[in-house]
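Engineer: Structure file run_23.cif, mmCIF, C-alpha atoms and all ligand atoms, is pasted below:
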data_entry
loop_
_atom_site.group_PDB
_atom_site.id
_atom_site.type_symbol
_atom_site.label_atom_id
_atom_site.label_comp_id
_atom_site.auth_asym_id
_atom_site.auth_seq_id
_atom_site.Cartn_x
_atom_site.Cartn_y
_atom_site.Cartn_z
ATOM 1 C CA MET A 1 0.000 0.000 0.000
ATOM 2 C CA ALA A 2 2.759 2.401 1.058
ATOM 3 C CA LEU A 3 4.775 1.397 -2.032
ATOM 4 C CA ALA A 4 1.806 2.052 -4.363
ATOM 5 C CA ALA A 5 1.282 5.490 -2.805
ATOM 6 C CA THR A 6 4.974 6.335 -3.246
ATOM 7 C CA THR A 7 4.850 5.206 -6.885
ATOM 8 C CA THR A 8 1.790 7.381 -7.591
ATOM 9 C CA LEU A 9 3.428 10.391 -5.956
ATOM 10 C CA PHE A 10 6.600 9.778 -7.961
ATOM 11 C CA ALA A 11 4.592 9.474 -11.187
ATOM 12 C CA SER A 12 2.885 12.803 -10.562
ATOM 13 C CA LEU A 13 6.165 14.735 -10.353
ATOM 14 C CA ALA A 14 7.174 16.012 -13.781
ATOM 15 C CA ALA A 15 10.863 16.945 -13.797
ATOM 16 C CA ARG A 16 10.611 19.302 -16.753
ATOM 17 C CA ALA A 17 8.539 22.412 -16.222
ATOM 18 C CA ASP A 18 7.848 22.543 -19.973
ATOM 19 C CA PHE A 19 6.348 19.036 -20.037
ATOM 20 C CA ALA A 20 2.632 18.521 -19.423
ATOM 21 C CA ALA A 21 2.231 16.169 -16.448
ATOM 22 C CA SER A 22 -1.158 15.092 -17.841
ATOM 23 C CA GLU A 23 0.350 13.789 -21.118
ATOM 24 C CA PRO A 24 2.452 10.662 -21.730
ATOM 25 C CA THR A 25 6.213 11.032 -22.102
ATOM 26 C CA VAL A 26 8.174 9.156 -24.766
ATOM 27 C CA LEU A 27 11.961 8.876 -24.959
ATOM 28 C CA ILE A 28 13.191 8.143 -28.499
ATOM 29 C CA THR A 29 16.755 7.170 -29.431
ATOM 30 C CA GLY A 30 18.183 8.047 -32.872
ATOM 31 C CA ALA A 31 15.683 10.894 -33.246
ATOM 32 C CA ASN A 32 17.531 13.038 -35.797
ATOM 33 C CA ARG A 33 16.639 11.195 -38.999
ATOM 34 C CA GLY A 34 14.750 8.332 -40.586
ATOM 35 C CA ILE A 35 12.153 6.483 -38.536
ATOM 36 C CA GLY A 36 13.224 8.145 -35.250
ATOM 37 C CA LEU A 37 12.640 11.677 -36.572
ATOM 38 C CA GLU A 38 9.238 10.648 -37.957
ATOM 39 C CA PHE A 39 8.308 9.232 -34.533
ATOM 40 C CA VAL A 40 9.151 12.637 -33.020
ATOM 41 C CA LYS A 41 6.942 14.412 -35.576
ATOM 42 C CA GLN A 42 3.919 12.171 -35.116
ATOM 43 C CA ILE A 43 4.176 11.882 -31.325
ATOM 44 C CA ALA A 44 4.801 15.619 -30.847
ATOM 45 C CA ALA A 45 1.708 16.274 -33.001
ATOM 46 C CA ARG A 46 -0.314 14.525 -30.260
ATOM 47 C CA ASP A 47 0.971 17.129 -27.775
ATOM 48 C CA TRP A 48 2.743 14.385 -25.833
ATOM 49 C CA ASN A 49 6.113 15.049 -24.164
ATOM 50 C CA VAL A 50 9.110 13.859 -26.179
ATOM 51 C CA ILE A 51 12.712 13.364 -25.077
ATOM 52 C CA ALA A 52 14.483 13.129 -28.439
ATOM 53 C CA THR A 53 18.007 11.761 -28.104
ATOM 54 C CA VAL A 54 20.615 12.132 -30.836
ATOM 55 C CA ARG A 55 24.344 11.682 -31.122
ATOM 56 C CA ARG A 56 25.025 15.215 -32.374
ATOM 57 C CA PRO A 57 22.329 17.748 -31.431
ATOM 58 C CA ALA A 58 24.122 20.606 -33.220
ATOM 59 C CA GLU A 59 23.773 18.770 -36.547
ATOM 60 C CA ALA A 60 20.139 17.771 -36.043
ATOM 61 C CA ALA A 61 18.660 20.799 -37.834
ATOM 62 C CA GLU A 62 15.182 19.424 -38.583
ATOM 63 C CA LEU A 63 14.731 18.082 -35.055
ATOM 64 C CA GLN A 64 15.974 21.344 -33.518
ATOM 65 C CA ALA A 65 13.422 23.275 -35.586
ATOM 66 C CA ILE A 66 10.629 21.020 -34.234
ATOM 67 C CA ALA A 67 11.897 21.515 -30.659
ATOM 68 C CA ALA A 68 12.158 25.290 -31.108
ATOM 69 C CA ALA A 69 8.471 25.390 -32.042
ATOM 70 C CA ASN A 70 7.296 22.922 -29.376
ATOM 71 C CA PRO A 71 8.314 23.205 -25.695
ATOM 72 C CA ARG A 72 7.222 19.606 -25.141
ATOM 73 C CA VAL A 73 10.087 18.342 -27.310
ATOM 74 C CA ALA A 74 13.444 18.205 -25.506
ATOM 75 C CA VAL A 75 16.592 17.378 -27.472
ATOM 76 C CA GLU A 76 19.325 15.503 -25.604
ATOM 77 C CA ALA A 77 22.785 14.319 -26.699
ATOM 78 C CA LEU A 78 23.206 10.562 -26.410
ATOM 79 C CA ASP A 79 25.348 7.906 -28.015
ATOM 80 C CA ILE A 80 23.772 4.675 -26.761
ATOM 81 C CA THR A 81 27.128 2.874 -26.804
ATOM 82 C CA ASP A 82 28.472 5.334 -24.197
ATOM 83 C CA HIS A 83 27.189 3.683 -21.030
ATOM 84 C CA ALA A 84 28.365 6.466 -18.724
ATOM 85 C CA ALA A 85 26.392 8.933 -20.851
ATOM 86 C CA VAL A 86 23.313 6.670 -20.719
ATOM 87 C CA ASP A 87 23.558 6.600 -16.908
ATOM 88 C CA ALA A 88 24.098 10.371 -16.742
ATOM 89 C CA LEU A 89 20.999 11.052 -18.857
ATOM 90 C CA ALA A 90 18.934 8.587 -16.814
ATOM 91 C CA ALA A 91 20.084 10.368 -13.633
ATOM 92 C CA ARG A 92 19.086 13.761 -15.073
ATOM 93 C CA TYR A 93 15.599 12.424 -15.865
ATOM 94 C CA ALA A 94 15.302 10.397 -12.641
ATOM 95 C CA ARG A 95 12.167 12.296 -11.579
ATOM 96 C CA GLN A 96 10.570 12.123 -15.021
ATOM 97 C CA PRO A 97 8.264 9.126 -15.564
ATOM 98 C CA ILE A 98 8.779 7.712 -19.060
ATOM 99 C CA ASP A 99 5.654 6.056 -20.434
ATOM 100 C CA ILE A 100 7.245 4.667 -23.594
ATOM 101 C CA LEU A 101 10.964 3.980 -23.918
ATOM 102 C CA LEU A 102 11.234 3.832 -27.705
ATOM 103 C CA LEU A 103 14.517 2.164 -28.626
ATOM 104 C CA ASN A 104 14.886 3.041 -32.293
ATOM 105 C CA ALA A 105 18.583 3.869 -32.843
ATOM 106 C CA GLY A 106 20.375 1.326 -34.954
ATOM 107 C CA LEU A 107 23.365 0.762 -37.133
ATOM 108 C CA THR A 108 21.675 -0.110 -40.401
ATOM 109 C CA PRO A 109 23.412 -1.530 -43.466
ATOM 110 C CA THR A 110 24.073 0.624 -46.498
ATOM 111 C CA TYR A 111 23.846 -0.643 -50.049
ATOM 112 C CA PRO A 112 25.732 -2.195 -51.741
ATOM 113 C CA SER A 113 28.206 -3.004 -48.940
ATOM 114 C CA ALA A 114 25.564 -4.916 -46.991
ATOM 115 C CA MET A 115 25.227 -7.413 -49.826
ATOM 116 C CA LYS A 116 28.822 -8.665 -49.538
ATOM 117 C CA PRO A 117 29.396 -12.408 -48.972
ATOM 118 C CA LEU A 118 31.681 -13.923 -46.290
ATOM 119 C CA ALA A 119 34.849 -12.493 -47.830
ATOM 120 C CA GLY A 120 33.407 -8.996 -47.464
ATOM 121 C CA VAL A 121 32.349 -9.185 -43.811
ATOM 122 C CA ASP A 122 33.701 -6.147 -41.966
ATOM 123 C CA PHE A 123 34.558 -7.297 -38.448
ATOM 124 C CA ASP A 124 34.800 -3.759 -37.089
ATOM 125 C CA ILE A 125 31.245 -3.105 -38.283
ATOM 126 C CA ALA A 126 30.206 -6.501 -36.892
ATOM 127 C CA ARG A 127 31.464 -5.517 -33.410
ATOM 128 C CA GLN A 128 29.998 -2.021 -33.658
ATOM 129 C CA SER A 129 26.638 -3.483 -34.776
ATOM 130 C CA PHE A 130 26.474 -5.552 -31.594
ATOM 131 C CA GLU A 131 27.278 -2.459 -29.502
ATOM 132 C CA VAL A 132 24.628 -0.273 -31.160
ATOM 133 C CA ASN A 133 21.888 -2.758 -32.076
ATOM 134 C CA ALA A 134 21.992 -5.224 -29.180
ATOM 135 C CA ILE A 135 23.990 -4.055 -26.147
ATOM 136 C CA GLY A 136 22.935 -0.388 -26.427
ATOM 137 C CA PRO A 137 19.177 -1.109 -26.174
ATOM 138 C CA LEU A 138 19.777 -3.520 -23.254
ATOM 139 C CA LYS A 139 21.757 -0.851 -21.414
ATOM 140 C CA MET A 140 19.037 1.734 -22.134
ATOM 141 C CA ALA A 141 16.391 -0.634 -20.775
ATOM 142 C CA ARG A 142 18.385 -1.150 -17.571
ATOM 143 C CA SER A 143 19.175 2.505 -16.931
ATOM 144 C CA PHE A 144 15.685 3.811 -17.726
ATOM 145 C CA MET A 145 13.687 0.966 -16.109
ATOM 146 C CA PRO A 146 12.957 2.999 -12.915
ATOM 147 C CA ALA A 147 11.530 5.859 -15.008
ATOM 148 C CA VAL A 148 9.392 3.402 -17.021
ATOM 149 C CA LEU A 149 8.188 1.769 -13.797
ATOM 150 C CA ALA A 150 7.181 5.177 -12.436
ATOM 151 C CA SER A 151 4.972 5.903 -15.476
ATOM 152 C CA GLN A 152 1.353 5.122 -16.314
ATOM 153 C CA LYS A 153 1.864 3.121 -19.534
ATOM 154 C CA LYS A 154 5.051 1.265 -18.570
ATOM 155 C CA GLN A 155 6.045 0.313 -22.126
ATOM 156 C CA ILE A 156 9.365 -0.454 -23.777
ATOM 157 C CA VAL A 157 9.145 -0.622 -27.575
ATOM 158 C CA VAL A 158 12.156 -1.830 -29.526
ATOM 159 C CA LEU A 159 12.729 -1.534 -33.278
ATOM 160 C CA SER A 160 13.970 -4.857 -34.548
ATOM 161 C CA SER A 161 14.043 -6.353 -38.025
ATOM 162 C CA LYS A 162 12.832 -9.436 -39.849
ATOM 163 C CA GLY A 163 16.480 -9.570 -40.972
ATOM 164 C CA GLY A 164 17.330 -10.914 -37.508
ATOM 165 C CA SER A 165 14.670 -13.637 -37.578
ATOM 166 C CA PHE A 166 15.778 -17.204 -38.335
ATOM 167 C CA ALA A 167 12.242 -17.980 -39.477
ATOM 168 C CA GLU A 168 11.457 -14.962 -41.666
ATOM 169 C CA SER A 169 14.711 -13.453 -42.949
ATOM 170 C CA PRO A 170 15.655 -13.942 -46.602
ATOM 171 C CA LYS A 171 17.369 -17.262 -47.286
ATOM 172 C CA LEU A 172 20.364 -15.397 -48.685
ATOM 173 C CA ALA A 173 23.994 -14.827 -47.632
ATOM 174 C CA MET A 174 23.907 -11.089 -46.990
ATOM 175 C CA MET A 175 23.993 -8.491 -44.180
ATOM 176 C CA TYR A 176 25.974 -10.736 -41.833
ATOM 177 C CA GLU A 177 26.840 -7.917 -39.421
ATOM 178 C CA TYR A 178 23.322 -6.448 -39.166
ATOM 179 C CA ARG A 179 21.338 -9.671 -39.063
ATOM 180 C CA ALA A 180 23.408 -11.259 -36.285
ATOM 181 C CA SER A 181 23.189 -8.095 -34.168
ATOM 182 C CA LYS A 182 19.390 -7.936 -34.541
ATOM 183 C CA ALA A 183 19.101 -11.645 -33.645
ATOM 184 C CA ALA A 184 21.137 -10.835 -30.501
ATOM 185 C CA LEU A 185 18.834 -7.899 -29.770
ATOM 186 C CA ASP A 186 15.797 -10.173 -30.080
ATOM 187 C CA MET A 187 17.270 -12.683 -27.636
ATOM 188 C CA TYR A 188 18.257 -9.993 -25.114
ATOM 189 C CA MET A 189 14.712 -8.624 -25.207
ATOM 190 C CA TYR A 190 13.140 -12.079 -25.125
ATOM 191 C CA VAL A 191 15.119 -12.865 -21.960
ATOM 192 C CA LEU A 192 14.323 -9.451 -20.450
ATOM 193 C CA SER A 193 10.601 -9.972 -21.109
ATOM 194 C CA PHE A 194 10.507 -12.575 -18.313
ATOM 195 C CA GLU A 195 11.628 -9.832 -15.900
ATOM 196 C CA THR A 196 9.318 -7.150 -17.317
ATOM 197 C CA ALA A 197 6.365 -9.565 -16.981
ATOM 198 C CA LYS A 198 6.938 -9.563 -13.227
ATOM 199 C CA LYS A 199 7.338 -5.766 -13.057
ATOM 200 C CA GLY A 200 4.155 -4.941 -14.979
ATOM 201 C CA VAL A 201 6.154 -3.492 -17.878
ATOM 202 C CA THR A 202 5.165 -4.345 -21.469
ATOM 203 C CA LEU A 203 8.247 -4.944 -23.619
ATOM 204 C CA THR A 204 7.467 -5.399 -27.317
ATOM 205 C CA LEU A 205 9.623 -5.570 -30.423
ATOM 206 C CA ILE A 206 8.285 -4.163 -33.699
ATOM 207 C CA SER A 207 9.389 -4.639 -37.301
ATOM 208 C CA PRO A 208 8.894 -1.324 -39.154
ATOM 209 C CA GLY A 209 8.725 -2.928 -42.624
ATOM 210 C CA GLN A 210 11.040 -2.030 -45.472
ATOM 211 C CA VAL A 211 11.341 1.736 -44.999
ATOM 212 C CA ASN A 212 12.995 4.244 -47.318
ATOM 213 C CA THR A 213 15.381 6.050 -44.969
ATOM 214 C CA LEU A 214 18.386 6.218 -47.279
ATOM 215 C CA GLN A 215 20.131 9.582 -47.201
ATOM 216 C CA ASP A 216 21.560 9.686 -50.716
ATOM 217 C CA PRO A 217 18.866 11.333 -52.925
ATOM 218 C CA LYS A 218 19.575 9.045 -55.913
ATOM 219 C CA MET A 219 19.371 5.912 -53.761
ATOM 220 C CA ARG A 220 16.211 7.238 -52.100
ATOM 221 C CA GLU A 221 14.590 7.694 -55.498
ATOM 222 C CA MET A 222 15.612 4.201 -56.529
ATOM 223 C CA MET A 223 14.184 2.688 -53.318
ATOM 224 C CA ARG A 224 10.852 4.482 -53.691
ATOM 225 C CA ARG A 225 9.262 1.556 -55.542
ATOM 226 C CA MET A 226 10.601 -1.062 -53.118
ATOM 227 C CA ALA A 227 10.039 0.526 -49.701
ATOM 228 C CA ILE A 228 7.435 2.532 -47.839
ATOM 229 C CA GLU A 229 8.049 6.051 -46.532
ATOM 230 C CA PRO A 230 8.732 6.682 -42.808
ATOM 231 C CA VAL A 231 5.395 8.526 -42.482
ATOM 232 C CA GLU A 232 3.480 5.344 -43.366
ATOM 233 C CA SER A 233 5.612 2.987 -41.275
ATOM 234 C CA VAL A 234 5.485 5.184 -38.176
ATOM 235 C CA GLY A 235 1.742 5.874 -38.547
ATOM 236 C CA LYS A 236 1.082 2.136 -38.592
ATOM 237 C CA MET A 237 3.563 1.372 -35.779
ATOM 238 C CA LEU A 238 1.867 3.973 -33.583
ATOM 239 C CA ARG A 239 -1.434 2.179 -34.134
ATOM 240 C CA VAL A 240 0.238 -1.011 -32.912
ATOM 241 C CA ILE A 241 1.838 0.806 -29.958
ATOM 242 C CA ASP A 242 -1.509 2.381 -29.015
ATOM 243 C CA SER A 243 -3.047 -1.080 -28.930
ATOM 244 C CA LEU A 244 -0.389 -2.722 -26.724
ATOM 245 C CA THR A 245 -1.525 -4.509 -23.580
ATOM 246 C CA PRO A 246 0.468 -6.570 -21.036
ATOM 247 C CA ALA A 247 -0.429 -9.631 -23.151
ATOM 248 C CA ASP A 248 1.993 -8.265 -25.800
ATOM 249 C CA ASN A 249 4.985 -8.440 -23.445
ATOM 250 C CA GLY A 250 7.759 -10.514 -25.066
ATOM 251 C CA LYS A 251 6.232 -10.462 -28.562
ATOM 252 C CA PHE A 252 7.747 -9.360 -31.881
ATOM 253 C CA LEU A 253 5.002 -7.691 -33.940
ATOM 254 C CA ASN A 254 4.707 -6.589 -37.546
ATOM 255 C CA TYR A 255 4.096 -2.866 -38.115
ATOM 256 C CA GLU A 256 0.995 -3.024 -40.286
ATOM 257 C CA ASP A 257 -1.095 -5.989 -39.243
ATOM 258 C CA ARG A 258 0.129 -6.718 -35.711
ATOM 259 C CA ARG A 259 1.042 -10.202 -36.888
ATOM 260 C CA GLU A 260 3.411 -11.983 -34.488
ATOM 261 C CA ILE A 261 6.783 -12.487 -36.208
ATOM 262 C CA ALA A 262 8.499 -15.797 -35.506
ATOM 263 C CA TRP A 263 11.989 -15.575 -34.005
HETATM 264 N N1 LIG A 301 14.651 1.302 -42.595
HETATM 265 C C1 LIG A 301 14.282 0.024 -42.626
HETATM 266 O O1 LIG A 301 13.850 -0.522 -43.673
HETATM 267 C C2 LIG A 301 14.346 -0.812 -41.367
HETATM 268 C C3 LIG A 301 13.945 -2.161 -41.452
HETATM 269 C C4 LIG A 301 13.995 -2.942 -40.309
HETATM 270 C C5 LIG A 301 14.414 -2.398 -39.112
HETATM 271 N N2 LIG A 301 14.807 -1.091 -39.055
HETATM 272 C C6 LIG A 301 15.265 -0.565 -37.760
HETATM 273 O O2 LIG A 301 14.568 0.615 -37.432
HETATM 274 C C7 LIG A 301 15.419 1.520 -36.723
HETATM 275 C C8 LIG A 301 15.485 2.859 -37.440
HETATM 276 O O3 LIG A 301 15.865 2.623 -38.773
HETATM 277 P P1 LIG A 301 16.168 3.801 -39.804
HETATM 278 O O4 LIG A 301 15.997 3.230 -41.146
HETATM 279 O O5 LIG A 301 15.431 5.027 -39.409
HETATM 280 O O6 LIG A 301 17.724 4.008 -39.551
HETATM 281 P P2 LIG A 301 18.674 5.228 -40.018
HETATM 282 O O7 LIG A 301 17.957 6.129 -40.962
HETATM 283 O O8 LIG A 301 19.942 4.596 -40.437
HETATM 284 O O9 LIG A 301 18.886 6.026 -38.646
HETATM 285 C C9 LIG A 301 19.548 5.398 -37.607
HETATM 286 C C10 LIG A 301 19.479 6.289 -36.392
HETATM 287 O O10 LIG A 301 20.197 5.637 -35.344
HETATM 288 C C11 LIG A 301 21.167 6.571 -34.855
HETATM 289 N N3 LIG A 301 22.340 5.917 -34.279
HETATM 290 C C12 LIG A 301 23.261 5.143 -34.902
HETATM 291 N N4 LIG A 301 24.223 4.775 -34.042
HETATM 292 C C13 LIG A 301 23.889 5.328 -32.841
HETATM 293 C C14 LIG A 301 24.466 5.332 -31.563
HETATM 294 N N5 LIG A 301 25.617 4.690 -31.304
HETATM 295 N N6 LIG A 301 23.867 6.012 -30.568
HETATM 296 C C15 LIG A 301 22.710 6.672 -30.790
HETATM 297 N N7 LIG A 301 22.104 6.729 -31.988
HETATM 298 C C16 LIG A 301 22.692 6.057 -32.994
HETATM 299 C C17 LIG A 301 21.537 7.416 -36.063
HETATM 300 O O11 LIG A 301 22.192 8.590 -35.635
HETATM 301 P P3 LIG A 301 23.296 9.333 -36.587
HETATM 302 O O12 LIG A 301 22.514 10.170 -37.561
HETATM 303 O O13 LIG A 301 24.098 10.107 -35.617
HETATM 304 O O14 LIG A 301 24.070 8.245 -37.275
HETATM 305 C C18 LIG A 301 20.154 7.648 -36.640
HETATM 306 O O15 LIG A 301 19.467 8.625 -35.918
HETATM 307 C C19 LIG A 301 16.784 0.816 -36.633
HETATM 308 O O16 LIG A 301 16.899 0.126 -35.414
HETATM 309 C C20 LIG A 301 16.730 -0.160 -37.789
HETATM 310 O O17 LIG A 301 17.578 -1.273 -37.634
HETATM 311 C C21 LIG A 301 14.782 -0.291 -40.161
#
Written as structure tokens, that's how I'd like the structure from this file.
Ligand SMILES: NC(=O)c1ccc[n+]([C@@H]2O[C@H](COP(=O)([O-])OP(=O)(O)OC[C@H]3O[C@@H](n4cnc5c(N)ncnc54)[C@H](OP(=O)(O)O)[C@@H]3O)[C@@H](O)[C@H]2O)c1

Structural biologist:
Amino acid sequence: MALAATTTLFASLAARADFAASEPTVLITGANRGIGLEFVKQIAARDWNVIATVRRPAEAAELQAIAAANPRVAVEALDITDHAAVDALAARYARQPIDILLLNAGLTPTYPSAMKPLAGVDFDIARQSFEVNAIGPLKMARSFMPAVLASQKKQIVVLSSKGGSFAESPKLAMMYEYRASKAALDMYMYVLSFETAKKGVTLTLISPGQVNTLQDPKMREMMRRMAIEPVESVGKMLRVIDSLTPADNGKFLNYEDRREIAW
């Protein structure tokens, strides 16, 4: 009883004066471009509070413009492989309940290098992919768990990929570095879901589909016929996120139809 009362009191204290205590708060990693930036746009449009984390805030022009026009969007510097920085940010937001910890940042393959066979595997990128795609999200989940527990929604949403699924990835020798790191991410989150089940936290992985987030304008144009735009992917993922219940803890869901993706 005393613990429940303390939790409620904690949840009612908003650390940031510019955040609305009545609205949910979402922390998004990798918020400067691609899917992460689109999440900021669509979630900020709901008037929710957004903590948008990026590696280099000074270079995140589009995100900074959104934050300048909306006091409920806070931009924070964060490289998720820097564990001391993750802890420092979590300490700064210790009194801010986080309803949705949205772990989006990832080291994604670029074409055509991702298509290389065994002889082309880059072991530095392989190691870095594990740091960014698997260990980084696990560290974020650990450091921000108290803030998630103090919130109303208590959700952790993680962007994974069918590329990391043994059952559903293409039966092709490609993207060694990326696919192995996403499979590791899935297993870390699968294991963690047995802890979140006991804490009342809903931890769900989502596949965003094949999304056109390439930066090179020529490549973007080329991809237009093969991939959906971030606006569509994020719109559909938010519908899935809105529908999450504790029964979705430990599941890996598809962005458009909520279908459960096999590991
Ligand atoms: N696009 C797709 O088709 C697709 C498909 C399946 C899954 N996904 C997953 O969806 C997520 C977003 O994909 P996307 O296409 O939007 O990727 P993206 O355009 O390549 O953007 C990746 C984001 O992650 C950030 N990031 C990279 N390393 C980081 C680090 N160490 N610390 C913090 N942030 C870091 C990047 O920041 P910088 O700008 O500083 O590099 C950028 O903001 C990823 O997890 C990806 O694997 C995407």

Engineer: May I have the protein, DNA and RNA residues with an atom at most 12 Å from (13.3, 21.4, -35.7), counting only C-alpha atoms in the file's coordinates, returned as a tab-separated table (two decimals) with C-alpha atoms, keeping the file's coordinate frame?

Structural biologist:
chain	number	residue	atom	x	y	z
A	31	ALA	CA	15.68	10.89	-33.25
A	32	ASN	CA	17.53	13.04	-35.80
A	33	ARG	CA	16.64	11.20	-39.00
A	37	LEU	CA	12.64	11.68	-36.57
A	38	GLU	CA	9.24	10.65	-37.96
A	40	VAL	CA	9.15	12.64	-33.02
A	41	LYS	CA	6.94	14.41	-35.58
A	44	ALA	CA	4.80	15.62	-30.85
A	52	ALA	CA	14.48	13.13	-28.44
A	57	PRO	CA	22.33	17.75	-31.43
A	58	ALA	CA	24.12	20.61	-33.22
A	59	GLU	CA	23.77	18.77	-36.55
A	60	ALA	CA	20.14	17.77	-36.04
A	61	ALA	CA	18.66	20.80	-37.83
A	62	GLU	CA	15.18	19.42	-38.58
A	63	LEU	CA	14.73	18.08	-35.06
A	64	GLN	CA	15.97	21.34	-33.52
A	65	ALA	CA	13.42	23.28	-35.59
A	66	ILE	CA	10.63	21.02	-34.23
A	67	ALA	CA	11.90	21.52	-30.66
A	68	ALA	CA	12.16	25.29	-31.11
A	69	ALA	CA	8.47	25.39	-32.04
A	70	ASN	CA	7.30	22.92	-29.38
A	71	PRO	CA	8.31	23.20	-25.70
A	73	VAL	CA	10.09	18.34	-27.31
A	74	ALA	CA	13.44	18.20	-25.51
A	75	VAL	CA	16.59	17.38	-27.47

Engineer: Mind giving me the axis-aligned box for segment 202-208 of chain A with 3 Å on every side, centre plus edges in Å to one decimal, as JSON?

Structural biologist:
{"center_x": 7.4, "center_y": -3.4, "center_z": -30.3, "size_x": 10.5, "size_y": 10.2, "size_z": 23.7}

Engineer: What separation in Å, quoted to one decimal, exists between atom CA of Pro230 of chain A and atom CA of Leu27 of chain A?

Structural biologist: 18.3 Å

Engineer: State, in Å with one decimal place, the distance from atom CA of Met115 of chain A to atom CA of Leu172 of chain A.

Structural biologist: 9.4 Å

Engineer: Find the nearest atom pair between each residue of chain A and ligand LIG 301 (chain A) for residues within 7 Å, count only C-alpha atoms and all ligand atoms, give distances in Å to one decimal, sort rows by chain and ascending number, and present the table as JSON lines.

Structural biologist:
{"residue": "A:Thr29", "atom": "CA", "partner": "A:LIG301", "partner_atom": "N7", "distance": 5.9}
{"residue": "A:Gly30", "atom": "CA", "partner": "A:LIG301", "partner_atom": "O15", "distance": 3.4}
{"residue": "A:Ala31", "atom": "CA", "partner": "A:LIG301", "partner_atom": "O15", "distance": 5.2}
{"residue": "A:Asn32", "atom": "CA", "partner": "A:LIG301", "partner_atom": "O15", "distance": 4.8}
{"residue": "A:Arg33", "atom": "CA", "partner": "A:LIG301", "partner_atom": "O15", "distance": 4.9}
{"residue": "A:Gly34", "atom": "CA", "partner": "A:LIG301", "partner_atom": "O5", "distance": 3.6}
{"residue": "A:Ile35", "atom": "CA", "partner": "A:LIG301", "partner_atom": "O5", "distance": 3.7}
{"residue": "A:Gly36", "atom": "CA", "partner": "A:LIG301", "partner_atom": "O5", "distance": 5.6}
{"residue": "A:Val54", "atom": "CA", "partner": "A:LIG301", "partner_atom": "N7", "distance": 5.7}
{"residue": "A:Arg55", "atom": "CA", "partner": "A:LIG301", "partner_atom": "O13", "distance": 4.8}
{"residue": "A:Arg56", "atom": "CA", "partner": "A:LIG301", "partner_atom": "O13", "distance": 6.1}
{"residue": "A:Leu78", "atom": "CA", "partner": "A:LIG301", "partner_atom": "C15", "distance": 5.9}
{"residue": "A:Asp79", "atom": "CA", "partner": "A:LIG301", "partner_atom": "N6", "distance": 3.5}
{"residue": "A:Ile80", "atom": "CA", "partner": "A:LIG301", "partner_atom": "N6", "distance": 4.0}
{"residue": "A:Thr81", "atom": "CA", "partner": "A:LIG301", "partner_atom": "N5", "distance": 5.1}
{"residue": "A:Asn104", "atom": "CA", "partner": "A:LIG301", "partner_atom": "C7", "distance": 4.7}
{"residue": "A:Ala105", "atom": "CA", "partner": "A:LIG301", "partner_atom": "O10", "distance": 3.5}
{"residue": "A:Gly106", "atom": "CA", "partner": "A:LIG301", "partner_atom": "O16", "distance": 3.7}
{"residue": "A:Leu107", "atom": "CA", "partner": "A:LIG301", "partner_atom": "C12", "distance": 4.9}
{"residue": "A:Thr108", "atom": "CA", "partner": "A:LIG301", "partner_atom": "O8", "distance": 5.0}
{"residue": "A:Val132", "atom": "CA", "partner": "A:LIG301", "partner_atom": "N5", "distance": 5.1}
{"residue": "A:Asn133", "atom": "CA", "partner": "A:LIG301", "partner_atom": "O16", "distance": 6.7}
{"residue": "A:Leu159", "atom": "CA", "partner": "A:LIG301", "partner_atom": "O16", "distance": 5.0}
{"residue": "A:Ser160", "atom": "CA", "partner": "A:LIG301", "partner_atom": "C5", "distance": 5.2}
{"residue": "A:Ser161", "atom": "CA", "partner": "A:LIG301", "partner_atom": "C4", "distance": 4.1}
{"residue": "A:Lys162", "atom": "CA", "partner": "A:LIG301", "partner_atom": "C4", "distance": 6.6}
{"residue": "A:Ser207", "atom": "CA", "partner": "A:LIG301", "partner_atom": "C4", "distance": 5.8}
{"residue": "A:Pro208", "atom": "CA", "partner": "A:LIG301", "partner_atom": "C4", "distance": 5.5}
{"residue": "A:Gly209", "atom": "CA", "partner": "A:LIG301", "partner_atom": "C3", "distance": 5.4}
{"residue": "A:Gln210", "atom": "CA", "partner": "A:LIG301", "partner_atom": "O1", "distance": 3.7}
{"residue": "A:Val211", "atom": "CA", "partner": "A:LIG301", "partner_atom": "O1", "distance": 3.6}
{"residue": "A:Asn212", "atom": "CA", "partner": "A:LIG301", "partner_atom": "N1", "distance": 5.8}
{"residue": "A:Thr213", "atom": "CA", "partner": "A:LIG301", "partner_atom": "O7", "distance": 4.8}
{"residue": "A:Leu214", "atom": "CA", "partner": "A:LIG301", "partner_atom": "O7", "distance": 6.3}

Engineer: For atom CA of Trp48 of chain A and atom CA of Met189 of chain A, determine how far apart the two atoms are, in Å to one decimal place.

Structural biologist: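 Pair atom CA of Trp48 of chain A / atom CA of Met189 of chain A returns 25.9 Å.
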
Engineer: Which residue, A:Arg179, A:Arg225, A:Arg258, A:His83, has the smallest gap to Phe130 of chain A when you use all atoms listed in the file?

Structural biologist: A:Arg179

Engineer: List as a CSV table (one decimal) with C-alpha atoms, in the frame of the given file the protein and nucleic acid residues near Ser169 of chain A, meaning an atom at most 12 Å away when all atoms listed in the file are counted, but skip any in the same chain fewer than 5 places from it.

Structural biologist:
chain,number,residue,atom,x,y,z
A,161,SER,CA,14.0,-6.4,-38.0
A,162,LYS,CA,12.8,-9.4,-39.8
A,163,GLY,CA,16.5,-9.6,-41.0
A,164,GLY,CA,17.3,-10.9,-37.5
A,174,MET,CA,23.9,-11.1,-47.0
A,175,MET,CA,24.0,-8.5,-44.2
A,176,TYR,CA,26.0,-10.7,-41.8
A,178,TYR,CA,23.3,-6.4,-39.2
A,179,ARG,CA,21.3,-9.7,-39.1
A,180,ALA,CA,23.4,-11.3,-36.3
A,182,LYS,CA,19.4,-7.9,-34.5
A,183,ALA,CA,19.1,-11.6,-33.6
A,207,SER,CA,9.4,-4.6,-37.3
A,261,ILE,CA,6.8,-12.5,-36.2
A,262,ALA,CA,8.5,-15.8,-35.5
A,263,TRP,CA,12.0,-15.6,-34.0
